[in-house]
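One file, run28.txt, carrying compact mmCIF, C-alpha atoms:
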```
# COMPACT_ATOMS: atom_id res chain seq x y z
CA MET F 21 -30.22 -12.25 11.44
CA VAL F 22 -26.98 -14.05 10.52
CA ASP F 23 -23.72 -12.91 12.13
CA LEU F 24 -21.15 -12.87 9.31
CA SER F 25 -18.21 -11.72 11.45
CA VAL F 26 -15.06 -13.86 11.69
CA SER F 27 -11.64 -13.56 13.32
CA LEU F 28 -8.21 -14.32 11.86
CA ALA F 29 -5.42 -14.67 14.45
CA GLY F 30 -7.13 -12.05 16.61
CA ILE F 31 -7.92 -9.69 13.71
CA PRO F 32 -11.72 -9.19 13.51
CA LEU F 33 -13.38 -9.00 10.07
CA LYS F 34 -17.01 -8.05 9.46
CA ASN F 35 -17.39 -11.03 7.09
CA PRO F 36 -15.17 -13.79 5.66
CA VAL F 37 -15.04 -12.46 2.06
CA ILE F 38 -11.63 -11.17 0.93
CA PRO F 39 -10.65 -10.30 -2.66
CA ALA F 40 -7.49 -12.29 -3.41
CA SER F 41 -4.08 -10.84 -4.14
CA GLY F 42 -3.42 -10.07 -7.78
CA THR F 43 -7.09 -9.67 -8.69
CA PHE F 44 -7.80 -6.45 -6.78
CA GLY F 45 -4.71 -4.29 -7.24
CA TYR F 46 -4.50 -1.89 -4.29
CA GLY F 47 -8.25 -1.29 -4.33
CA ARG F 48 -8.37 1.83 -6.52
CA GLU F 49 -10.24 0.39 -9.52
CA TYR F 50 -12.90 -1.47 -7.53
CA ALA F 51 -13.56 1.53 -5.28
CA GLU F 52 -15.03 3.23 -8.36
CA LEU F 53 -17.63 0.43 -8.60
CA TYR F 54 -18.75 -0.12 -4.98
CA ASP F 55 -18.00 0.82 -1.38
CA LEU F 56 -15.04 -1.36 -0.36
CA ASN F 57 -16.18 -1.20 3.28
CA ILE F 58 -18.65 -4.02 2.62
CA LEU F 59 -15.63 -6.40 2.40
CA GLY F 60 -14.14 -8.37 5.27
CA SER F 61 -10.71 -7.25 4.05
CA PHE F 62 -8.73 -7.38 0.82
CA SER F 63 -5.34 -8.78 -0.03
CA TRP F 64 -3.28 -6.32 -2.02
CA LYS F 65 -1.19 -7.12 -5.09
CA GLY F 66 1.93 -9.19 -4.45
CA THR F 67 4.64 -6.70 -3.48
CA THR F 68 8.41 -7.18 -3.70
CA ARG F 69 11.37 -5.04 -2.60
CA ASP F 70 12.08 -3.62 -6.06
CA ALA F 71 9.64 -2.46 -8.72
CA ARG F 72 8.96 -5.23 -11.26
CA PRO F 73 7.62 -4.81 -14.80
CA GLY F 74 6.35 -8.41 -14.84
CA ASN F 75 6.62 -11.01 -17.57
CA PRO F 76 6.36 -10.35 -21.32
CA GLN F 77 2.95 -10.38 -23.07
CA PRO F 78 0.80 -12.37 -23.59
CA ARG F 79 0.66 -13.27 -19.90
CA ILE F 80 -3.02 -14.07 -19.38
CA ALA F 81 -5.04 -16.67 -21.30
CA GLU F 82 -8.51 -18.16 -20.93
CA THR F 83 -9.05 -21.87 -20.56
CA GLU F 84 -12.02 -24.12 -19.78
CA SER F 85 -13.47 -23.16 -16.36
CA GLY F 86 -10.60 -20.87 -15.54
CA MET F 87 -7.67 -18.77 -16.64
CA LEU F 88 -3.90 -18.98 -16.86
CA ASN F 89 -1.70 -16.14 -15.68
CA ALA F 90 2.02 -15.49 -15.75
CA VAL F 91 1.94 -11.82 -14.74
CA GLY F 92 5.23 -12.18 -12.88
CA LEU F 93 4.57 -10.12 -9.73
CA GLN F 94 4.35 -6.78 -11.54
CA ASN F 95 4.33 -4.13 -8.79
CA PRO F 96 5.84 -0.73 -7.95
CA GLY F 97 8.01 -2.02 -5.07
CA ILE F 98 7.45 -1.90 -1.30
CA ASP F 99 8.65 1.70 -0.74
CA ALA F 100 6.32 3.09 -3.42
CA VAL F 101 3.42 1.04 -2.03
CA ILE F 102 4.00 2.42 1.49
CA ALA F 103 4.40 6.00 0.21
CA GLU F 104 1.54 6.08 -2.32
CA GLU F 105 -0.85 3.14 -2.02
CA VAL F 106 -1.14 2.76 1.77
CA PRO F 107 -2.39 6.37 2.30
CA ASN F 108 -4.84 5.91 -0.58
CA ILE F 109 -6.14 2.59 0.83
CA ALA F 110 -6.95 4.45 4.08
CA LYS F 111 -9.29 6.72 2.08
CA LEU F 112 -11.06 3.78 0.40
CA PHE F 113 -11.30 1.16 3.14
CA GLN F 114 -11.57 1.48 6.92
CA GLY F 115 -10.90 -2.14 7.95
CA PRO F 116 -7.67 -4.11 8.34
CA VAL F 117 -5.98 -4.84 5.01
CA ILE F 118 -3.90 -7.91 4.11
CA ALA F 119 -0.45 -7.21 2.66
CA ASN F 120 0.68 -9.89 0.21
CA ILE F 121 4.47 -10.03 0.25
CA GLY F 122 6.78 -11.74 -2.23
CA GLY F 123 10.53 -12.20 -2.09
CA PHE F 124 13.47 -13.88 -3.79
CA SER F 125 15.62 -14.33 -0.67
CA LEU F 126 15.05 -14.67 3.09
CA GLU F 127 16.46 -11.17 3.57
CA GLU F 128 14.02 -9.67 1.07
CA TYR F 129 11.00 -11.29 2.72
CA ALA F 130 12.15 -10.08 6.16
CA ASP F 131 12.97 -6.54 4.97
CA ASN F 132 9.59 -6.13 3.25
CA CYS F 133 7.70 -7.27 6.35
CA ARG F 134 9.83 -5.07 8.63
CA LYS F 135 8.99 -2.02 6.52
CA LEU F 136 5.26 -2.65 7.02
CA GLU F 137 5.57 -2.70 10.82
CA GLY F 138 4.62 0.99 10.97
CA CYS F 139 1.57 0.64 8.70
CA ASP F 140 -1.26 0.42 11.23
CA GLN F 141 -3.90 -0.53 8.67
CA VAL F 142 -2.00 -3.64 7.60
CA GLY F 143 -3.63 -6.23 9.86
CA ILE F 144 -2.10 -9.40 8.38
CA LEU F 145 1.00 -10.22 6.36
CA GLU F 146 0.25 -12.85 3.70
CA VAL F 147 3.63 -14.24 2.68
CA ASN F 148 3.69 -15.73 -0.82
CA ILE F 149 6.20 -18.59 -0.81
CA SER F 150 5.52 -19.52 -4.44
CA CYS F 151 8.48 -17.27 -5.38
CA PRO F 152 11.73 -18.77 -6.72
CA ASN F 153 14.70 -18.80 -4.31
CA VAL F 154 17.46 -17.19 -6.35
CA HIS F 155 20.07 -18.57 -3.93
CA ALA F 156 18.91 -22.18 -4.34
CA GLY F 157 18.75 -22.74 -8.07
CA GLY F 158 15.36 -21.09 -8.51
CA GLN F 159 13.34 -23.73 -6.64
CA ASN F 160 10.22 -22.21 -5.07
CA PHE F 161 10.40 -21.59 -1.32
CA GLY F 162 7.00 -23.25 -0.94
CA SER F 163 7.99 -26.55 -2.54
CA ASP F 164 10.21 -27.70 0.33
CA PRO F 165 9.33 -27.85 4.08
CA LYS F 166 12.77 -26.59 5.16
CA SER F 167 12.63 -23.57 2.84
CA ALA F 168 9.04 -22.79 3.86
CA ALA F 169 10.05 -22.93 7.53
CA ALA F 170 13.09 -20.73 6.91
CA VAL F 171 10.93 -17.98 5.34
CA THR F 172 8.42 -18.26 8.20
CA LYS F 173 11.18 -17.87 10.82
CA ALA F 174 12.80 -14.93 8.99
CA VAL F 175 9.50 -13.07 8.67
CA LYS F 176 8.34 -13.79 12.24
CA ALA F 177 11.63 -12.33 13.53
CA ALA F 178 10.99 -9.14 11.55
CA THR F 179 7.40 -8.32 12.54
CA LYS F 180 4.86 -8.40 15.37
CA LYS F 181 1.94 -8.60 12.91
CA PRO F 182 0.15 -11.94 12.32
CA VAL F 183 1.88 -13.88 9.54
CA PHE F 184 -0.13 -16.14 7.21
CA MET F 185 1.97 -18.28 4.88
CA LYS F 186 0.43 -18.62 1.41
CA LEU F 187 1.14 -22.13 0.16
CA SER F 188 1.73 -23.46 -3.33
CA PRO F 189 -0.42 -26.44 -4.40
CA ASN F 190 2.40 -27.65 -6.67
CA VAL F 191 3.71 -30.09 -4.05
CA THR F 192 3.24 -33.76 -3.17
CA ASP F 193 2.09 -33.20 0.43
CA ILE F 194 0.76 -29.73 1.26
CA ALA F 195 0.00 -30.70 4.88
CA GLN F 196 3.72 -31.35 5.42
CA ILE F 197 4.55 -27.80 4.21
CA ALA F 198 1.81 -26.35 6.44
CA LYS F 199 3.20 -28.25 9.46
CA ALA F 200 6.70 -26.90 8.77
CA CYS F 201 5.32 -23.33 8.70
CA ALA F 202 3.30 -23.92 11.88
CA ASP F 203 6.33 -25.33 13.71
CA ALA F 204 8.35 -22.27 12.61
CA GLY F 205 5.82 -19.91 14.21
CA ALA F 206 3.27 -19.02 11.51
CA ASP F 207 0.04 -17.47 12.82
CA GLY F 208 -2.06 -18.82 9.97
CA ILE F 209 -2.05 -20.49 6.57
CA CYS F 210 -3.46 -19.26 3.26
CA LEU F 211 -4.07 -21.77 0.46
CA ILE F 212 -4.04 -22.45 -2.40
CA ASN F 213 -1.99 -20.44 -4.84
CA THR F 214 -2.37 -21.25 -8.55
CA LEU F 215 -1.69 -24.65 -10.16
CA LEU F 216 1.19 -24.76 -12.65
CA SER F 217 -0.38 -25.18 -16.10
CA MET F 218 0.05 -24.69 -19.84
CA ARG F 219 -1.96 -24.37 -23.06
CA ILE F 220 -0.74 -24.53 -26.68
CA ASP F 221 -2.23 -22.53 -29.55
CA LEU F 222 -2.99 -24.95 -32.40
CA LYS F 223 -2.70 -22.21 -35.03
CA THR F 224 0.83 -21.13 -34.07
CA LYS F 225 1.81 -24.46 -32.45
CA ARG F 226 3.31 -22.39 -29.64
CA PRO F 227 2.35 -21.99 -25.96
CA LEU F 228 -0.40 -19.39 -25.41
CA LEU F 229 1.68 -17.62 -22.76
CA ALA F 230 5.00 -15.93 -23.57
CA ASN F 231 6.28 -17.44 -20.31
CA ARG F 232 5.24 -20.93 -21.60
CA THR F 233 3.70 -21.91 -18.27
CA GLY F 234 1.38 -20.03 -15.93
CA GLY F 235 -0.84 -20.47 -12.91
CA LEU F 236 -4.33 -21.94 -13.33
CA SER F 237 -7.10 -20.29 -11.30
CA GLY F 238 -10.89 -20.16 -11.50
CA PRO F 239 -13.64 -22.77 -10.92
CA ALA F 240 -11.46 -25.60 -12.32
CA VAL F 241 -9.22 -25.50 -9.22
CA PHE F 242 -11.99 -25.29 -6.57
CA PRO F 243 -12.19 -29.05 -5.76
CA VAL F 244 -8.38 -29.18 -5.44
CA ALA F 245 -8.46 -26.22 -3.04
CA VAL F 246 -11.22 -27.78 -0.91
CA ARG F 247 -9.27 -31.04 -0.60
CA MET F 248 -6.03 -29.26 0.35
CA ILE F 249 -7.79 -27.03 2.92
CA TRP F 250 -9.30 -30.19 4.44
CA ASP F 251 -5.84 -31.79 4.68
CA VAL F 252 -4.22 -28.70 6.22
CA TYR F 253 -7.06 -28.25 8.74
CA GLU F 254 -6.42 -31.83 9.92
CA ALA F 255 -2.65 -31.21 10.12
CA VAL F 256 -2.34 -27.86 11.94
CA LYS F 257 -4.28 -25.93 14.56
CA LEU F 258 -4.01 -22.55 12.83
CA PRO F 259 -6.63 -20.34 11.16
CA ILE F 260 -6.85 -20.92 7.40
CA ILE F 261 -7.70 -18.46 4.64
CA GLY F 262 -9.12 -20.60 1.82
CA CYS F 263 -8.58 -19.58 -1.79
CA GLY F 264 -9.02 -21.14 -5.22
CA GLY F 265 -11.93 -21.00 -7.64
CA VAL F 266 -14.49 -19.43 -5.26
CA ALA F 267 -17.35 -17.92 -7.28
CA SER F 268 -20.46 -18.01 -5.05
CA ALA F 269 -21.73 -17.80 -1.47
CA GLN F 270 -22.19 -21.58 -1.58
CA ASP F 271 -18.48 -21.96 -2.46
CA VAL F 272 -17.53 -19.80 0.54
CA CYS F 273 -19.59 -22.00 2.88
CA GLU F 274 -18.19 -25.22 1.39
CA MET F 275 -14.62 -23.98 1.85
CA MET F 276 -15.39 -23.00 5.45
CA LEU F 277 -16.86 -26.45 6.13
CA ALA F 278 -13.56 -27.91 4.89
CA GLY F 279 -11.67 -25.82 7.46
CA ALA F 280 -11.30 -22.21 6.29
CA SER F 281 -11.99 -19.33 8.73
CA ALA F 282 -12.17 -16.82 5.85
CA VAL F 283 -12.15 -17.10 2.07
CA GLU F 284 -10.44 -15.21 -0.75
CA VAL F 285 -12.13 -14.62 -4.10
CA GLY F 286 -9.73 -14.31 -7.02
CA ALA F 287 -10.44 -14.95 -10.71
CA ALA F 288 -14.18 -14.38 -10.18
CA ASN F 289 -13.41 -10.65 -9.70
CA LEU F 290 -11.89 -10.50 -13.18
CA ARG F 291 -14.94 -12.10 -14.76
CA ASP F 292 -17.43 -10.03 -12.75
CA PRO F 293 -16.06 -7.04 -10.80
CA TYR F 294 -19.11 -7.19 -8.51
CA ALA F 295 -18.46 -10.85 -7.56
CA CYS F 296 -17.48 -10.16 -3.93
CA LYS F 297 -20.40 -7.77 -3.42
CA THR F 298 -22.86 -10.38 -4.72
CA ILE F 299 -21.32 -13.15 -2.58
CA ILE F 300 -21.59 -11.03 0.59
CA GLU F 301 -25.23 -10.19 -0.19
CA ASP F 302 -26.05 -13.88 -0.78
CA LEU F 303 -24.28 -15.27 2.33
CA PRO F 304 -27.04 -14.71 4.94
CA ALA F 305 -29.62 -16.70 2.93
CA VAL F 306 -27.17 -19.57 2.36
CA CYS F 307 -26.30 -19.64 6.08
CA GLU F 308 -30.00 -19.78 6.92
CA GLN F 309 -30.42 -22.76 4.58
CA LEU F 310 -27.52 -24.44 6.41
CA GLY F 311 -29.11 -23.71 9.78
CA VAL F 312 -26.36 -21.46 11.19
CA THR F 313 -26.83 -18.02 12.75
CA LYS F 314 -23.05 -17.40 13.03
CA ILE F 315 -21.03 -18.09 9.88
CA SER F 316 -17.92 -18.82 11.94
CA GLU F 317 -19.69 -21.98 13.19
CA LEU F 318 -19.21 -23.48 9.71
CA THR F 319 -15.39 -23.62 10.02
CA GLY F 320 -14.29 -27.26 10.01
CA GLY F 321 -17.91 -28.43 10.33
CA ALA F 322 -17.57 -31.17 7.73
CA HIS F 323 -14.87 -32.85 9.84
CA HIS F 324 -17.35 -33.48 12.65
CA ALA F 325 -20.53 -34.16 10.65
```

What does the file become when written as structure tokens?
Amino acid sequence: MVDLSVSLAGIPLKNPVIPASGTFGYGREYAELYDLNILGSFSWKGTTRDARPGNPQPRIAETESGMLNAVGLQNPGIDAVIAEEVPNIAKLFQGPVIANIGGFSLEEYADNCRKLEGCDQVGILEVNISCPNVHAGGQNFGSDPKSAAAVTKAVKAATKKPVFMKLSPNVTDIAQIAKACADAGADGICLINTLLSMRIDLKTKRPLLANRTGGLSGPAVFPVAVRMIWDVYEAVKLPIIGCGGVASAQDVCEMMLAGASAVEVGAANLRDPYACKTIIEDLPAVCEQLGVTKISELTGGAHHA
């Protein structure tokens, strides 16, 4: 028997498989397909202070080995999520859930996290710092170590829950950003978010997305994610949630060997809504092939091999 349980900053999960934010909504749709309680956890849709309609259509496009999205953080706002979605999640899933939080100012990040303090089922706050800072010319919080540290400090002052900072890969040195978050008190790191990308339609000679650019996810980004997780694992002594192009149990194990303690599955859910279920079912056999009886033993294993 293989023990699939893992721990993230003291939060126990029955396995390391977590549907990624933005690909799983608030769990309602997938609960019609399978019992969500097989999951380690799930990261809910990026939530901001105010309701957001998102970007104009078209905002999703296929590309080789992946997809582009410029959804634009469409969500009903934090108060509506707490009033309507949190009670519903409790009916669908018994484990700790991960709340993905967006913001456009330090105050908004802090306020959103403070409001979730009373939500017992929220085990981890996953703070998305790929949002533009409206008070600093629109530059993303996650593209500068000082800004990333400032968000970390603001959020840590507002909550007692474990805070995992979700990093943008659109930077020169992701380890430097991770270090800044760690020094500012982060409890963990989540990476990577999507890679800034673009496609042009030859027929119309215009960008495929109304927003012009979007985030690339899917198998194309997996090797980038593995490399960045490796770099961050070497740079900080914090638990890492790995994310980016994971589509199989083998991918989960590879990401854990690079340094991840748990792994999020994103675009694969949109291609096959049973992706996470299949990955969880396949994990014990892959662990046996790798000669481990506890999956947590894989974390960082490639650094010592």

Spatial neighbours of range 28-36 of chain F, max dist 10 Å, all atoms listed in the file, sep filter under 5 positions, as JSON, numbers by chain
{"F": [23, 57, 58, 59, 60, 61, 115, 116, 117, 143, 144, 181, 182, 183, 184, 207, 208, 258, 259, 260, 261, 262, 272, 273, 276, 280, 281, 282, 283, 284, 300, 303, 315, 316]}

At a cut-off of 12 Å, using only C-alpha atoms, what residues contact Ala103 in chain F? Leave out same-chain residues fewer than 5 positions from it and give the result as a PyMOL selection string.
chain F and resi 96-98+108-109+135-136+138-139

Dump C-alpha atoms for the selected residues as a PDB file, keeping the file's coordinate frame?
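Dumped to selection.pdb:
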```
ATOM      1  CA  PRO F  96       5.840  -0.730  -7.950  1.00  0.00           C
ATOM      2  CA  GLY F  97       8.010  -2.020  -5.070  1.00  0.00           C
ATOM      3  CA  ILE F  98       7.450  -1.900  -1.300  1.00  0.00           C
ATOM      4  CA  ASN F 108      -4.840   5.910  -0.580  1.00  0.00           C
ATOM      5  CA  ILE F 109      -6.140   2.590   0.830  1.00  0.00           C
ATOM      6  CA  LYS F 135       8.990  -2.020   6.520  1.00  0.00           C
ATOM      7  CA  LEU F 136       5.260  -2.650   7.020  1.00  0.00           C
ATOM      8  CA  GLY F 138       4.620   0.990  10.970  1.00  0.00           C
ATOM      9  CA  CYS F 139       1.570   0.640   8.700  1.00  0.00           C
TER      10      CYS F 139
END
```

Neighbourhood query: residues within 9 Å of (5.0, -25.7, 8.7), file coordinates, counting all atoms listed in the file; return as an mmCIF file with C-alpha atoms, keeping the file's coordinate frame.
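Result went into result_11.cif, see below:
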```cif
data_model
loop_
_atom_site.group_PDB
_atom_site.id
_atom_site.type_symbol
_atom_site.label_atom_id
_atom_site.label_comp_id
_atom_site.auth_asym_id
_atom_site.auth_seq_id
_atom_site.Cartn_x
_atom_site.Cartn_y
_atom_site.Cartn_z
ATOM 1 C CA PRO F 165 9.330 -27.850 4.080
ATOM 2 C CA LYS F 166 12.770 -26.590 5.160
ATOM 3 C CA ALA F 168 9.040 -22.790 3.860
ATOM 4 C CA ALA F 169 10.050 -22.930 7.530
ATOM 5 C CA THR F 172 8.420 -18.260 8.200
ATOM 6 C CA MET F 185 1.970 -18.280 4.880
ATOM 7 C CA ALA F 195 0.000 -30.700 4.880
ATOM 8 C CA GLN F 196 3.720 -31.350 5.420
ATOM 9 C CA ILE F 197 4.550 -27.800 4.210
ATOM 10 C CA ALA F 198 1.810 -26.350 6.440
ATOM 11 C CA LYS F 199 3.200 -28.250 9.460
ATOM 12 C CA ALA F 200 6.700 -26.900 8.770
ATOM 13 C CA CYS F 201 5.320 -23.330 8.700
ATOM 14 C CA ALA F 202 3.300 -23.920 11.880
ATOM 15 C CA ASP F 203 6.330 -25.330 13.710
ATOM 16 C CA ALA F 204 8.350 -22.270 12.610
ATOM 17 C CA GLY F 205 5.820 -19.910 14.210
ATOM 18 C CA ALA F 206 3.270 -19.020 11.510
ATOM 19 C CA VAL F 256 -2.340 -27.860 11.940
#
```

What is the CA of Ala325 in chain F-CA of Trp250 in chain F distance in Å, reported with one decimal?
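So the answer is 13.4 Å.
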
Do you have the CA of Gly45 in chain F-CA of Ile220 in chain F distance handy?
28.3 Å

One number please: CA of His155 in chain F to CA of Ser188 in chain F, in Å, one decimal.
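We find that CA of His155 in chain F and CA of Ser188 in chain F lie 19.0 Å from each other.
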
The residue from F:Gly123, F:Gly265, F:Pro293, F:Gly321 with the smallest atom-to-atom distance to Met87 in chain F, counting all atoms listed in the file, is F:Gly265

Here is a test: counting all atoms listed in the file, which residue of F:Asp271, F:Asp221, F:Asp70, F:Glu127 is nearest to Phe242 in chain F?
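Checking each of F:Asp271, F:Asp221, F:Asp70, F:Glu127 against Phe242 in chain F, counting all atoms listed in the file, the winner is F:Asp271.
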
Excluding range 159-162 of chain F and any residue of its chain fewer than 2 positions from it, enumerate the residues within 9 Å of it, using all atoms listed in the file, and give them as a list in words.
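Non-adjacent residues within range: Phe124, Ser125, Asn148, Ile149, Ser150, Cys151, Pro152, Asn153, Val154, His155, Ala156, Gly157, Asp164, Pro165, Lys166, Ser167, Ala168, Ala169, Ala170, Val171, Lys186, Leu187, Ser188, Pro189, Asn190, Val191 and Ile197 of chain F.
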
When distances are computed from all atoms listed in the file, which of F:Ile249, F:Ala269, F:Ala177, F:Ala295 shows the smallest separation from Asp193 in chain F?
F:Ile249

If we count all atoms listed in the file and set the cut-off at 8 Å, which residues sit around Gly286 in chain F, ignoring sequence neighbours fewer than 4 positions away in its own chain? Please answer as an mmCIF file with C-alpha atoms, in the frame of the given file.
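Saved file part-v1.cif follows:
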```cif
data_model
loop_
_atom_site.group_PDB
_atom_site.id
_atom_site.type_symbol
_atom_site.label_atom_id
_atom_site.label_comp_id
_atom_site.auth_asym_id
_atom_site.auth_seq_id
_atom_site.Cartn_x
_atom_site.Cartn_y
_atom_site.Cartn_z
ATOM 1 C CA PRO F 39 -10.650 -10.300 -2.660
ATOM 2 C CA ALA F 40 -7.490 -12.290 -3.410
ATOM 3 C CA SER F 41 -4.080 -10.840 -4.140
ATOM 4 C CA GLY F 42 -3.420 -10.070 -7.780
ATOM 5 C CA THR F 43 -7.090 -9.670 -8.690
ATOM 6 C CA SER F 237 -7.100 -20.290 -11.300
ATOM 7 C CA GLY F 238 -10.890 -20.160 -11.500
ATOM 8 C CA CYS F 263 -8.580 -19.580 -1.790
ATOM 9 C CA GLY F 264 -9.020 -21.140 -5.220
ATOM 10 C CA GLY F 265 -11.930 -21.000 -7.640
ATOM 11 C CA VAL F 266 -14.490 -19.430 -5.260
ATOM 12 C CA LEU F 290 -11.890 -10.500 -13.180
#
```
